[in-house]
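Content type PDB, C-alpha atoms, from the file entry-v8.pdb:
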```pdb
ATOM      1  CA  MET A   1      15.468   4.096 -17.137  1.00  0.00           C
ATOM      2  CA  PRO A   2      13.667   7.043 -15.536  1.00  0.00           C
ATOM      3  CA  SER A   3      15.665   9.699 -13.721  1.00  0.00           C
ATOM      4  CA  THR A   4      14.728  11.612 -10.587  1.00  0.00           C
ATOM      5  CA  ASP A   5      14.560  14.742 -12.699  1.00  0.00           C
ATOM      6  CA  GLU A   6      12.174  13.146 -15.165  1.00  0.00           C
ATOM      7  CA  LEU A   7       9.900  12.010 -12.347  1.00  0.00           C
ATOM      8  CA  ARG A   8       9.951  15.444 -10.758  1.00  0.00           C
ATOM      9  CA  GLN A   9       9.098  17.127 -14.055  1.00  0.00           C
ATOM     10  CA  ARG A  10       6.266  14.716 -14.799  1.00  0.00           C
ATOM     11  CA  ILE A  11       4.711  15.273 -11.371  1.00  0.00           C
ATOM     12  CA  GLU A  12       5.044  19.055 -11.520  1.00  0.00           C
ATOM     13  CA  ALA A  13       3.662  19.171 -15.083  1.00  0.00           C
ATOM     14  CA  ALA A  14       0.648  17.017 -14.261  1.00  0.00           C
ATOM     15  CA  ILE A  15      -0.423  18.391 -10.887  1.00  0.00           C
ATOM     16  CA  PRO A  16      -1.142  22.129 -10.917  1.00  0.00           C
ATOM     17  CA  GLY A  17       1.044  24.094  -8.527  1.00  0.00           C
ATOM     18  CA  ALA A  18       2.893  21.003  -7.356  1.00  0.00           C
ATOM     19  CA  THR A  19       6.453  21.038  -6.081  1.00  0.00           C
ATOM     20  CA  ALA A  20       8.169  17.680  -6.030  1.00  0.00           C
ATOM     21  CA  GLU A  21      11.394  16.367  -4.605  1.00  0.00           C
ATOM     22  CA  VAL A  22      12.446  12.975  -5.902  1.00  0.00           C
ATOM     23  CA  GLN A  23      15.160  10.680  -4.593  1.00  0.00           C
ATOM     24  CA  ASP A  24      16.509   7.518  -6.142  1.00  0.00           C
ATOM     25  CA  LEU A  25      16.498   5.201  -3.137  1.00  0.00           C
ATOM     26  CA  THR A  26      18.876   2.577  -4.444  1.00  0.00           C
ATOM     27  CA  GLY A  27      20.747   4.332  -7.224  1.00  0.00           C
ATOM     28  CA  GLY A  28      19.304   1.741  -9.574  1.00  0.00           C
ATOM     29  CA  GLY A  29      16.800   4.037 -11.286  1.00  0.00           C
ATOM     30  CA  ASP A  30      13.767   1.994 -10.279  1.00  0.00           C
ATOM     31  CA  HIS A  31      13.088   2.609  -6.576  1.00  0.00           C
ATOM     32  CA  PHE A  32      12.119   6.189  -5.916  1.00  0.00           C
ATOM     33  CA  ARG A  33      10.813   8.315  -3.100  1.00  0.00           C
ATOM     34  CA  ALA A  34       8.916  11.516  -3.835  1.00  0.00           C
ATOM     35  CA  THR A  35       7.733  14.281  -1.591  1.00  0.00           C
ATOM     36  CA  VAL A  36       4.961  16.195  -3.326  1.00  0.00           C
ATOM     37  CA  ILE A  37       3.439  19.407  -2.088  1.00  0.00           C
ATOM     38  CA  ALA A  38       0.436  20.764  -3.945  1.00  0.00           C
ATOM     39  CA  PRO A  39      -2.253  23.230  -2.857  1.00  0.00           C
ATOM     40  CA  SER A  40      -4.882  21.124  -4.647  1.00  0.00           C
ATOM     41  CA  PHE A  41      -4.194  18.329  -2.153  1.00  0.00           C
ATOM     42  CA  ALA A  42      -5.969  20.341   0.529  1.00  0.00           C
ATOM     43  CA  ASP A  43      -9.320  18.911  -0.515  1.00  0.00           C
ATOM     44  CA  LEU A  44      -8.093  15.341  -0.883  1.00  0.00           C
ATOM     45  CA  SER A  45      -7.664  12.514   1.601  1.00  0.00           C
ATOM     46  CA  ARG A  46      -4.206  11.010   1.946  1.00  0.00           C
ATOM     47  CA  ILE A  47      -5.260   8.054  -0.191  1.00  0.00           C
ATOM     48  CA  GLU A  48      -6.541  10.395  -2.892  1.00  0.00           C
ATOM     49  CA  GLN A  49      -3.339  12.445  -2.765  1.00  0.00           C
ATOM     50  CA  HIS A  50      -1.255   9.338  -3.347  1.00  0.00           C
ATOM     51  CA  ARG A  51      -3.609   8.169  -6.087  1.00  0.00           C
ATOM     52  CA  ALA A  52      -3.193  11.524  -7.827  1.00  0.00           C
ATOM     53  CA  VAL A  53       0.586  11.095  -7.897  1.00  0.00           C
ATOM     54  CA  TYR A  54       0.434   7.443  -8.940  1.00  0.00           C
ATOM     55  CA  ALA A  55      -1.953   8.458 -11.730  1.00  0.00           C
ATOM     56  CA  VAL A  56       0.780  10.649 -13.226  1.00  0.00           C
ATOM     57  CA  PHE A  57       2.772   7.517 -13.991  1.00  0.00           C
ATOM     58  CA  GLY A  58       0.013   5.051 -14.884  1.00  0.00           C
ATOM     59  CA  ALA A  59       1.385   1.694 -15.928  1.00  0.00           C
ATOM     60  CA  ASP A  60       4.980   2.859 -15.399  1.00  0.00           C
ATOM     61  CA  ILE A  61       4.397   2.032 -11.737  1.00  0.00           C
ATOM     62  CA  GLY A  62       5.231  -1.618 -11.452  1.00  0.00           C
ATOM     63  CA  GLY A  63       6.945  -1.352 -14.837  1.00  0.00           C
ATOM     64  CA  PRO A  64      10.071   0.807 -15.234  1.00  0.00           C
ATOM     65  CA  ILE A  65       9.305   2.406 -11.871  1.00  0.00           C
ATOM     66  CA  HIS A  66       9.410  -0.595  -9.595  1.00  0.00           C
ATOM     67  CA  ALA A  67       8.551   1.349  -6.468  1.00  0.00           C
ATOM     68  CA  LEU A  68       7.522   4.906  -5.717  1.00  0.00           C
ATOM     69  CA  SER A  69       7.328   5.743  -2.060  1.00  0.00           C
ATOM     70  CA  LEU A  70       5.299   8.887  -1.391  1.00  0.00           C
ATOM     71  CA  GLU A  71       4.901  11.661   1.085  1.00  0.00           C
ATOM     72  CA  THR A  72       2.234  14.155   0.096  1.00  0.00           C
ATOM     73  CA  ARG A  73       0.829  17.282   1.658  1.00  0.00           C
ATOM     74  CA  ALA A  74      -1.010  20.439   0.752  1.00  0.00           C
ATOM     75  CA  GLU A  75       1.593  22.894   2.029  1.00  0.00           C
TER      76      GLU A  75
ATOM     77  CA  MET B   1     -22.434 -16.009 -12.482  1.00  0.00           C
ATOM     78  CA  SER B   2     -19.217 -14.100 -12.796  1.00  0.00           C
ATOM     79  CA  GLU B   3     -16.395 -14.775 -15.180  1.00  0.00           C
ATOM     80  CA  ASN B   4     -13.759 -13.406 -12.855  1.00  0.00           C
ATOM     81  CA  PRO B   5     -13.230 -15.807  -9.958  1.00  0.00           C
ATOM     82  CA  VAL B   6      -9.987 -14.156  -8.846  1.00  0.00           C
ATOM     83  CA  ARG B   7     -11.612 -10.748  -8.518  1.00  0.00           C
ATOM     84  CA  ASN B   8     -14.571 -12.282  -6.681  1.00  0.00           C
ATOM     85  CA  ALA B   9     -12.258 -14.091  -4.291  1.00  0.00           C
ATOM     86  CA  ILE B  10     -10.431 -10.836  -3.554  1.00  0.00           C
ATOM     87  CA  GLN B  11     -13.659  -8.934  -2.958  1.00  0.00           C
ATOM     88  CA  ASP B  12     -14.942 -11.695  -0.706  1.00  0.00           C
ATOM     89  CA  ALA B  13     -11.694 -11.739   1.261  1.00  0.00           C
ATOM     90  CA  ILE B  14     -11.820  -7.961   1.770  1.00  0.00           C
ATOM     91  CA  ARG B  15     -15.436  -8.171   2.857  1.00  0.00           C
ATOM     92  CA  ASP B  16     -14.963 -11.137   5.172  1.00  0.00           C
ATOM     93  CA  HIS B  17     -11.864  -9.922   7.050  1.00  0.00           C
ATOM     94  CA  GLU B  18     -11.987  -6.769   9.098  1.00  0.00           C
ATOM     95  CA  VAL B  19      -8.256  -6.242   8.679  1.00  0.00           C
ATOM     96  CA  ILE B  20      -6.569  -7.773   5.664  1.00  0.00           C
ATOM     97  CA  LEU B  21      -3.137  -7.150   4.230  1.00  0.00           C
ATOM     98  CA  PHE B  22      -2.236  -8.004   0.652  1.00  0.00           C
ATOM     99  CA  MET B  23       1.528  -8.355   0.525  1.00  0.00           C
ATOM    100  CA  LYS B  24       4.478  -9.932  -1.214  1.00  0.00           C
ATOM    101  CA  GLY B  25       5.323 -13.021   0.799  1.00  0.00           C
ATOM    102  CA  THR B  26       3.942 -13.715   4.251  1.00  0.00           C
ATOM    103  CA  PRO B  27       4.253 -11.863   7.569  1.00  0.00           C
ATOM    104  CA  GLU B  28       6.784 -14.510   8.604  1.00  0.00           C
ATOM    105  CA  ARG B  29       8.648 -14.366   5.293  1.00  0.00           C
ATOM    106  CA  PRO B  30       7.999 -11.042   3.581  1.00  0.00           C
ATOM    107  CA  MET B  31       9.511 -10.870   0.100  1.00  0.00           C
ATOM    108  CA  CYS B  32       9.722  -7.095  -0.169  1.00  0.00           C
ATOM    109  CA  GLY B  33      10.829  -4.388   2.243  1.00  0.00           C
ATOM    110  CA  PHE B  34       7.608  -2.408   1.862  1.00  0.00           C
ATOM    111  CA  SER B  35       5.488  -5.436   2.678  1.00  0.00           C
ATOM    112  CA  ALA B  36       7.784  -6.248   5.596  1.00  0.00           C
ATOM    113  CA  ARG B  37       7.454  -2.766   7.046  1.00  0.00           C
ATOM    114  CA  THR B  38       3.677  -2.746   6.743  1.00  0.00           C
ATOM    115  CA  ALA B  39       3.304  -6.155   8.385  1.00  0.00           C
ATOM    116  CA  ALA B  40       5.701  -5.046  11.113  1.00  0.00           C
ATOM    117  CA  ALA B  41       3.500  -2.054  11.942  1.00  0.00           C
ATOM    118  CA  LEU B  42       0.507  -4.359  12.405  1.00  0.00           C
ATOM    119  CA  GLU B  43       2.572  -6.770  14.486  1.00  0.00           C
ATOM    120  CA  ALA B  44       3.889  -3.958  16.659  1.00  0.00           C
ATOM    121  CA  LEU B  45       0.314  -3.048  17.526  1.00  0.00           C
ATOM    122  CA  GLY B  46      -0.568  -6.663  18.183  1.00  0.00           C
ATOM    123  CA  ALA B  47      -3.327  -6.322  15.627  1.00  0.00           C
ATOM    124  CA  GLU B  48      -5.137  -9.364  14.354  1.00  0.00           C
ATOM    125  CA  TYR B  49      -5.134  -9.471  10.609  1.00  0.00           C
ATOM    126  CA  ALA B  50      -5.458 -11.736   7.656  1.00  0.00           C
ATOM    127  CA  ALA B  51      -2.651 -11.756   5.134  1.00  0.00           C
ATOM    128  CA  VAL B  52      -2.685 -12.696   1.485  1.00  0.00           C
ATOM    129  CA  ASP B  53       0.480 -13.389  -0.457  1.00  0.00           C
ATOM    130  CA  ILE B  54      -0.046 -11.954  -3.927  1.00  0.00           C
ATOM    131  CA  LEU B  55       3.027 -13.578  -5.449  1.00  0.00           C
ATOM    132  CA  PRO B  56       1.739 -17.075  -6.278  1.00  0.00           C
ATOM    133  CA  ASP B  57      -0.507 -15.842  -9.099  1.00  0.00           C
ATOM    134  CA  PRO B  58       0.006 -12.616 -11.080  1.00  0.00           C
ATOM    135  CA  ARG B  59      -3.753 -12.313 -11.514  1.00  0.00           C
ATOM    136  CA  ILE B  60      -4.119 -11.546  -7.792  1.00  0.00           C
ATOM    137  CA  ARG B  61      -2.111  -8.361  -8.081  1.00  0.00           C
ATOM    138  CA  GLN B  62      -3.761  -7.359 -11.343  1.00  0.00           C
ATOM    139  CA  GLU B  63      -7.282  -7.830 -10.018  1.00  0.00           C
ATOM    140  CA  LEU B  64      -6.490  -6.344  -6.620  1.00  0.00           C
ATOM    141  CA  SER B  65      -5.245  -3.129  -8.212  1.00  0.00           C
ATOM    142  CA  ALA B  66      -8.335  -3.017 -10.410  1.00  0.00           C
ATOM    143  CA  VAL B  67     -10.568  -3.401  -7.350  1.00  0.00           C
ATOM    144  CA  SER B  68      -8.698  -0.893  -5.178  1.00  0.00           C
ATOM    145  CA  ASN B  69      -7.532   1.628  -7.786  1.00  0.00           C
ATOM    146  CA  TRP B  70      -4.117   1.416  -6.143  1.00  0.00           C
ATOM    147  CA  PRO B  71      -1.091   0.368  -8.171  1.00  0.00           C
ATOM    148  CA  THR B  72       1.370  -0.904  -5.602  1.00  0.00           C
ATOM    149  CA  ILE B  73       1.757  -3.628  -3.011  1.00  0.00           C
ATOM    150  CA  PRO B  74       1.246  -3.845  -0.042  1.00  0.00           C
ATOM    151  CA  GLN B  75      -2.357  -2.774   0.447  1.00  0.00           C
ATOM    152  CA  LEU B  76      -4.053  -2.736   3.828  1.00  0.00           C
ATOM    153  CA  PHE B  77      -7.843  -2.881   4.036  1.00  0.00           C
ATOM    154  CA  VAL B  78      -9.786  -2.151   7.211  1.00  0.00           C
ATOM    155  CA  LYS B  79     -13.515  -2.799   7.339  1.00  0.00           C
ATOM    156  CA  GLY B  80     -13.673  -3.175   3.585  1.00  0.00           C
ATOM    157  CA  GLU B  81     -11.883   0.091   2.802  1.00  0.00           C
ATOM    158  CA  LEU B  82      -8.376   0.623   1.509  1.00  0.00           C
ATOM    159  CA  LEU B  83      -6.441   2.293   4.303  1.00  0.00           C
ATOM    160  CA  GLY B  84      -3.272   2.659   2.278  1.00  0.00           C
ATOM    161  CA  GLY B  85       0.036   1.234   1.204  1.00  0.00           C
ATOM    162  CA  CYS B  86       3.321   1.146   3.059  1.00  0.00           C
ATOM    163  CA  ASP B  87       3.822   4.919   3.235  1.00  0.00           C
ATOM    164  CA  ILE B  88       0.380   5.757   4.577  1.00  0.00           C
ATOM    165  CA  VAL B  89       0.331   2.832   7.000  1.00  0.00           C
ATOM    166  CA  THR B  90       3.764   3.829   8.299  1.00  0.00           C
ATOM    167  CA  GLU B  91       2.714   7.468   8.708  1.00  0.00           C
ATOM    168  CA  MET B  92      -0.464   6.390  10.478  1.00  0.00           C
ATOM    169  CA  TYR B  93       1.456   4.020  12.721  1.00  0.00           C
ATOM    170  CA  GLU B  94       3.803   6.784  13.776  1.00  0.00           C
ATOM    171  CA  SER B  95       1.008   9.272  14.409  1.00  0.00           C
ATOM    172  CA  GLY B  96      -1.147   6.805  16.334  1.00  0.00           C
ATOM    173  CA  GLU B  97      -3.883   6.901  13.703  1.00  0.00           C
ATOM    174  CA  LEU B  98      -3.302   3.283  12.778  1.00  0.00           C
ATOM    175  CA  ALA B  99      -4.028   2.051  16.288  1.00  0.00           C
ATOM    176  CA  GLN B 100      -7.159   4.163  16.249  1.00  0.00           C
ATOM    177  CA  ALA B 101      -8.281   2.802  12.877  1.00  0.00           C
ATOM    178  CA  LEU B 102      -7.688  -0.746  14.093  1.00  0.00           C
ATOM    179  CA  GLY B 103      -9.276  -0.161  17.481  1.00  0.00           C
ATOM    180  CA  VAL B 104      -6.200  -1.287  19.409  1.00  0.00           C
ATOM    181  CA  GLU B 105      -3.912   0.314  21.954  1.00  0.00           C
ATOM    182  CA  PRO B 106      -1.243   2.608  20.506  1.00  0.00           C
ATOM    183  CA  ALA B 107       2.260   1.189  20.314  1.00  0.00           C
ATOM    184  CA  SER B 108       3.982   1.165  23.675  1.00  0.00           C
ATOM    185  CA  ASP B 109       7.613   0.644  24.505  1.00  0.00           C
ATOM    186  CA  ALA B 110       6.932  -3.050  24.761  1.00  0.00           C
ATOM    187  CA  PRO B 111       4.956  -4.033  21.689  1.00  0.00           C
ATOM    188  CA  ALA B 112       2.465  -6.817  22.214  1.00  0.00           C
ATOM    189  CA  ALA B 113       3.331 -10.216  20.860  1.00  0.00           C
ATOM    190  CA  ALA B 114       2.442 -10.636  17.234  1.00  0.00           C
ATOM    191  CA  SER B 115      -0.776 -12.429  16.535  1.00  0.00           C
ATOM    192  CA  VAL B 116      -1.714 -13.422  13.057  1.00  0.00           C
ATOM    193  CA  GLU B 117      -5.060 -15.035  12.399  1.00  0.00           C
ATOM    194  CA  PRO B 118      -4.185 -18.657  11.930  1.00  0.00           C
ATOM    195  CA  GLY B 119      -5.332 -20.139   8.703  1.00  0.00           C
ATOM    196  CA  ALA B 120      -6.240 -16.808   7.210  1.00  0.00           C
ATOM    197  CA  PRO B 121      -3.388 -16.616   4.728  1.00  0.00           C
ATOM    198  CA  LEU B 122      -4.802 -17.429   1.451  1.00  0.00           C
ATOM    199  CA  GLN B 123      -8.318 -18.395   1.150  1.00  0.00           C
ATOM    200  CA  ILE B 124      -7.897 -17.044  -2.306  1.00  0.00           C
ATOM    201  CA  ASP B 125      -5.582 -19.872  -3.206  1.00  0.00           C
ATOM    202  CA  ASN B 126      -8.376 -22.339  -2.666  1.00  0.00           C
ATOM    203  CA  ARG B 127     -10.454 -20.824  -5.374  1.00  0.00           C
ATOM    204  CA  LEU B 128      -8.017 -20.699  -8.216  1.00  0.00           C
TER     205      LEU B 128
END
```
What does the file become when written as structure tokens?
Amino acid sequence: MPSTDELRQRIEAAIPGATAEVQDLTGGGDHFRATVIAPSFADLSRIEQHRAVYAVFGADIGGPIHALSLETRAE
Amino acid sequence: MSENPVRNAIQDAIRDHEVILFMKGTPERPMCGFSARTAAALEALGAEYAAVDILPDPRIRQELSAVSNWPTIPQLFVKGELLGGCDIVTEMYESGELAQALGVEPASDAPAAASVEPGAPLQIDNRL
């Protein structure tokens, strides 16, 4: 079962310069909300920003991570 | 012609409906909070939209995500393009961008009555 810390570390390791804050929405370890701030998002549309974060987790989304709600911005 | 009727049906549905929401359940009976919230944003704007319940066949979700390069449900398409999932649609609703994208009046204090395209839910079903 993934932890908020694990999610945060995976996001920050995969997206250069990213800072992430991750909450477990239900306490069940499968519904998360992440706020991700990364300078590289400046050139991306909102859809592309979310795709970049989803891409960090690949097939884990819909698997162990049932839901990952996102807020993304460049700064 | 093609060996993937589900994917074709999804692509046709996205092409043929200016506003189409792929969700878990139906606007009347959403089966997931994220789908419920997204449908509610459309309803609050009085937007006309088609809705597809992805739950009856797991292939719908699988093929939809392959088509859209988006892993989660719901997914809202406007004029053939993915607008976003629950988070983006909610943000856009709150900022007024959603009304703009849909070409409707921004949400007022008295939201217009909900109008869902009758009969639109699940053309895809007919093709399986």
message: Env of Lys79 in chain B: 8 Å cut, atoms = all atoms listed in the file, seq-sep filter 5 positions within chain, self excluded. Answer as a PyMOL selection string.
response: chain B and resi 14-15+17-19
With the PyMOL selection byres ((chain A) within 12 of (chain B)) as the selection, what would be picked from this file? Answer as a PDB file with C-alpha atoms, keeping the file's coordinate frame, please.
```pdb
ATOM      1  CA  HIS A  31      13.088   2.609  -6.576  1.00  0.00           C
ATOM      2  CA  ARG A  33      10.813   8.315  -3.100  1.00  0.00           C
ATOM      3  CA  ALA A  34       8.916  11.516  -3.835  1.00  0.00           C
ATOM      4  CA  THR A  35       7.733  14.281  -1.591  1.00  0.00           C
ATOM      5  CA  SER A  45      -7.664  12.514   1.601  1.00  0.00           C
ATOM      6  CA  ARG A  46      -4.206  11.010   1.946  1.00  0.00           C
ATOM      7  CA  ILE A  47      -5.260   8.054  -0.191  1.00  0.00           C
ATOM      8  CA  GLU A  48      -6.541  10.395  -2.892  1.00  0.00           C
ATOM      9  CA  GLN A  49      -3.339  12.445  -2.765  1.00  0.00           C
ATOM     10  CA  HIS A  50      -1.255   9.338  -3.347  1.00  0.00           C
ATOM     11  CA  ARG A  51      -3.609   8.169  -6.087  1.00  0.00           C
ATOM     12  CA  ALA A  52      -3.193  11.524  -7.827  1.00  0.00           C
ATOM     13  CA  VAL A  53       0.586  11.095  -7.897  1.00  0.00           C
ATOM     14  CA  TYR A  54       0.434   7.443  -8.940  1.00  0.00           C
ATOM     15  CA  ALA A  55      -1.953   8.458 -11.730  1.00  0.00           C
ATOM     16  CA  VAL A  56       0.780  10.649 -13.226  1.00  0.00           C
ATOM     17  CA  PHE A  57       2.772   7.517 -13.991  1.00  0.00           C
ATOM     18  CA  GLY A  58       0.013   5.051 -14.884  1.00  0.00           C
ATOM     19  CA  ALA A  59       1.385   1.694 -15.928  1.00  0.00           C
ATOM     20  CA  ASP A  60       4.980   2.859 -15.399  1.00  0.00           C
ATOM     21  CA  ILE A  61       4.397   2.032 -11.737  1.00  0.00           C
ATOM     22  CA  GLY A  62       5.231  -1.618 -11.452  1.00  0.00           C
ATOM     23  CA  GLY A  63       6.945  -1.352 -14.837  1.00  0.00           C
ATOM     24  CA  ILE A  65       9.305   2.406 -11.871  1.00  0.00           C
ATOM     25  CA  HIS A  66       9.410  -0.595  -9.595  1.00  0.00           C
ATOM     26  CA  ALA A  67       8.551   1.349  -6.468  1.00  0.00           C
ATOM     27  CA  LEU A  68       7.522   4.906  -5.717  1.00  0.00           C
ATOM     28  CA  SER A  69       7.328   5.743  -2.060  1.00  0.00           C
ATOM     29  CA  LEU A  70       5.299   8.887  -1.391  1.00  0.00           C
ATOM     30  CA  GLU A  71       4.901  11.661   1.085  1.00  0.00           C
ATOM     31  CA  THR A  72       2.234  14.155   0.096  1.00  0.00           C
ATOM     32  CA  ARG A  73       0.829  17.282   1.658  1.00  0.00           C
TER      33      ARG A  73
END
```
- prompt: Counting only C-alpha atoms, what is within 12 Å of Glu6 in chain A, bar same-chain residues fewer than 4 positions away, as a VMD selection string?
  reply: chain A and resid 1 to 2 10 to 13 20 to 24 29 32 34 56 to 57 65
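When all atoms listed in the file are used to measure the gap to Asn8 in chain B, the shortest distance among B:Ala107, B:Leu64, B:Val78, B:Leu102 belongs to B:Leu64.
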- prompt: Expanded to explicit residues, what is the PyMOL selection byres ((chain B and resi 40) around 12) for this file, as JSON, numbers by chain?
  reply: {"B": [21, 23, 26, 27, 28, 29, 30, 33, 34, 35, 36, 37, 38, 39, 41, 42, 43, 44, 45, 46, 47, 49, 86, 89, 90, 93, 107, 111, 112, 113, 114, 115, 116]}
Any chance you could work out the residue set of the PyMOL selection byres ((chain B and resi 67) around 12) here, as a compact mmCIF listing (two decimals) with C-alpha atoms, in the coordinates of the input?
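Wrote it out as part-v3.txt, contents follow:
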```
# COMPACT_ATOMS: atom_id res chain seq x y z
CA ASN B 4 -13.76 -13.41 -12.86
CA VAL B 6 -9.99 -14.16 -8.85
CA ARG B 7 -11.61 -10.75 -8.52
CA ASN B 8 -14.57 -12.28 -6.68
CA ALA B 9 -12.26 -14.09 -4.29
CA ILE B 10 -10.43 -10.84 -3.55
CA GLN B 11 -13.66 -8.93 -2.96
CA ASP B 12 -14.94 -11.70 -0.71
CA ILE B 14 -11.82 -7.96 1.77
CA ARG B 59 -3.75 -12.31 -11.51
CA ILE B 60 -4.12 -11.55 -7.79
CA ARG B 61 -2.11 -8.36 -8.08
CA GLN B 62 -3.76 -7.36 -11.34
CA GLU B 63 -7.28 -7.83 -10.02
CA LEU B 64 -6.49 -6.34 -6.62
CA SER B 65 -5.24 -3.13 -8.21
CA ALA B 66 -8.34 -3.02 -10.41
CA SER B 68 -8.70 -0.89 -5.18
CA ASN B 69 -7.53 1.63 -7.79
CA TRP B 70 -4.12 1.42 -6.14
CA PRO B 71 -1.09 0.37 -8.17
CA GLN B 75 -2.36 -2.77 0.45
CA PHE B 77 -7.84 -2.88 4.04
CA GLY B 80 -13.67 -3.18 3.58
CA GLU B 81 -11.88 0.09 2.80
CA LEU B 82 -8.38 0.62 1.51
```
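Across the structure, CA of Ala13 in chain B and CA of Met31 in chain B are spaced 21.3 Å apart.
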Edge lengths and centre in Å to one decimal, as lines of an AutoDock Vina configuration file, is what I'm after for the box along x, y and z that holds all listed atoms of range 66-82 of chain B once 4 Å is added on each side.
```
center_x = -6.0
center_y = -1.1
center_z = -1.5
size_x = 23.4
size_y = 13.5
size_z = 25.7
```
task: Go ahead and compute the interatomic distance for CA of Lys24 in chain B and CA of Asp53 in chain B, in Å to one decimal.
output: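 Calculated distance between CA of Lys24 in chain B and CA of Asp53 in chain B is 5.3 Å.
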- prompt: Which value, in Å to one decimal, gives the distance between CA of Leu76 in chain B and CA of Ile54 in chain B?
  reply: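 Those two atoms sit 12.7 Å apart.
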field: Option closest in space to Phe22 in chain B, from B:Pro74, B:Glu48, B:Glu105, B:Gln100 [counting only C-alpha atoms]
entry: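 Smallest separation from Phe22 in chain B among the options: B:Pro74.
Every protein or nucleic acid residue with an atom no more than 7 Å from Pro39 in chain A, counting only C-alpha atoms and leaving out same-chain residues fewer than 6 positions away, appears here: Gly17, Ala74 and Glu75 of chain A.
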Would you mind putting N, CA and C atoms back on range 10-28 of chain B and writing the result as a CSV table (one decimal), keeping the file's coordinate frame?
```
chain,number,residue,atom,x,y,z
B,10,ILE,N,-11.0,-12.0,-4.2
B,10,ILE,CA,-10.4,-10.8,-3.6
B,10,ILE,C,-11.5,-10.0,-2.8
B,11,GLN,N,-12.6,-9.7,-3.6
B,11,GLN,CA,-13.7,-8.9,-3.0
B,11,GLN,C,-14.3,-9.6,-1.7
B,12,ASP,N,-14.4,-10.9,-1.9
B,12,ASP,CA,-14.9,-11.7,-0.7
B,12,ASP,C,-14.0,-11.6,0.5
B,13,ALA,N,-12.7,-11.8,0.2
B,13,ALA,CA,-11.7,-11.7,1.3
B,13,ALA,C,-11.7,-10.4,2.0
B,14,ILE,N,-11.8,-9.3,1.2
B,14,ILE,CA,-11.8,-8.0,1.8
B,14,ILE,C,-13.1,-7.8,2.6
B,15,ARG,N,-14.2,-8.3,2.1
B,15,ARG,CA,-15.4,-8.2,2.9
B,15,ARG,C,-15.4,-9.0,4.1
B,16,ASP,N,-14.8,-10.2,4.1
B,16,ASP,CA,-15.0,-11.1,5.2
B,16,ASP,C,-13.9,-10.9,6.3
B,17,HIS,N,-12.9,-10.1,6.0
B,17,HIS,CA,-11.9,-9.9,7.0
B,17,HIS,C,-11.8,-8.4,7.4
B,18,GLU,N,-12.0,-8.2,8.7
B,18,GLU,CA,-12.0,-6.8,9.1
B,18,GLU,C,-10.7,-6.1,8.8
B,19,VAL,N,-9.6,-6.8,9.0
B,19,VAL,CA,-8.3,-6.2,8.7
B,19,VAL,C,-7.5,-7.3,7.8
B,20,ILE,N,-7.2,-6.8,6.6
B,20,ILE,CA,-6.6,-7.8,5.7
B,20,ILE,C,-5.5,-7.1,4.9
B,21,LEU,N,-4.3,-7.7,4.9
B,21,LEU,CA,-3.1,-7.2,4.2
B,21,LEU,C,-2.8,-8.0,3.0
B,22,PHE,N,-2.7,-7.3,1.9
B,22,PHE,CA,-2.2,-8.0,0.7
B,22,PHE,C,-0.8,-7.6,0.5
B,23,MET,N,0.1,-8.6,0.5
B,23,MET,CA,1.5,-8.4,0.5
B,23,MET,C,2.3,-9.3,-0.4
B,24,LYS,N,3.6,-9.0,-0.5
B,24,LYS,CA,4.5,-9.9,-1.2
B,24,LYS,C,5.1,-10.8,-0.2
B,25,GLY,N,4.8,-12.1,-0.2
B,25,GLY,CA,5.3,-13.0,0.8
B,25,GLY,C,4.3,-13.1,1.9
B,26,THR,N,4.8,-13.5,3.1
B,26,THR,CA,3.9,-13.7,4.3
B,26,THR,C,4.5,-12.9,5.4
B,27,PRO,N,3.7,-12.6,6.4
B,27,PRO,CA,4.3,-11.9,7.6
B,27,PRO,C,5.5,-12.5,8.1
B,28,GLU,N,5.6,-13.8,8.1
B,28,GLU,CA,6.8,-14.5,8.6
B,28,GLU,C,7.9,-14.4,7.6
```
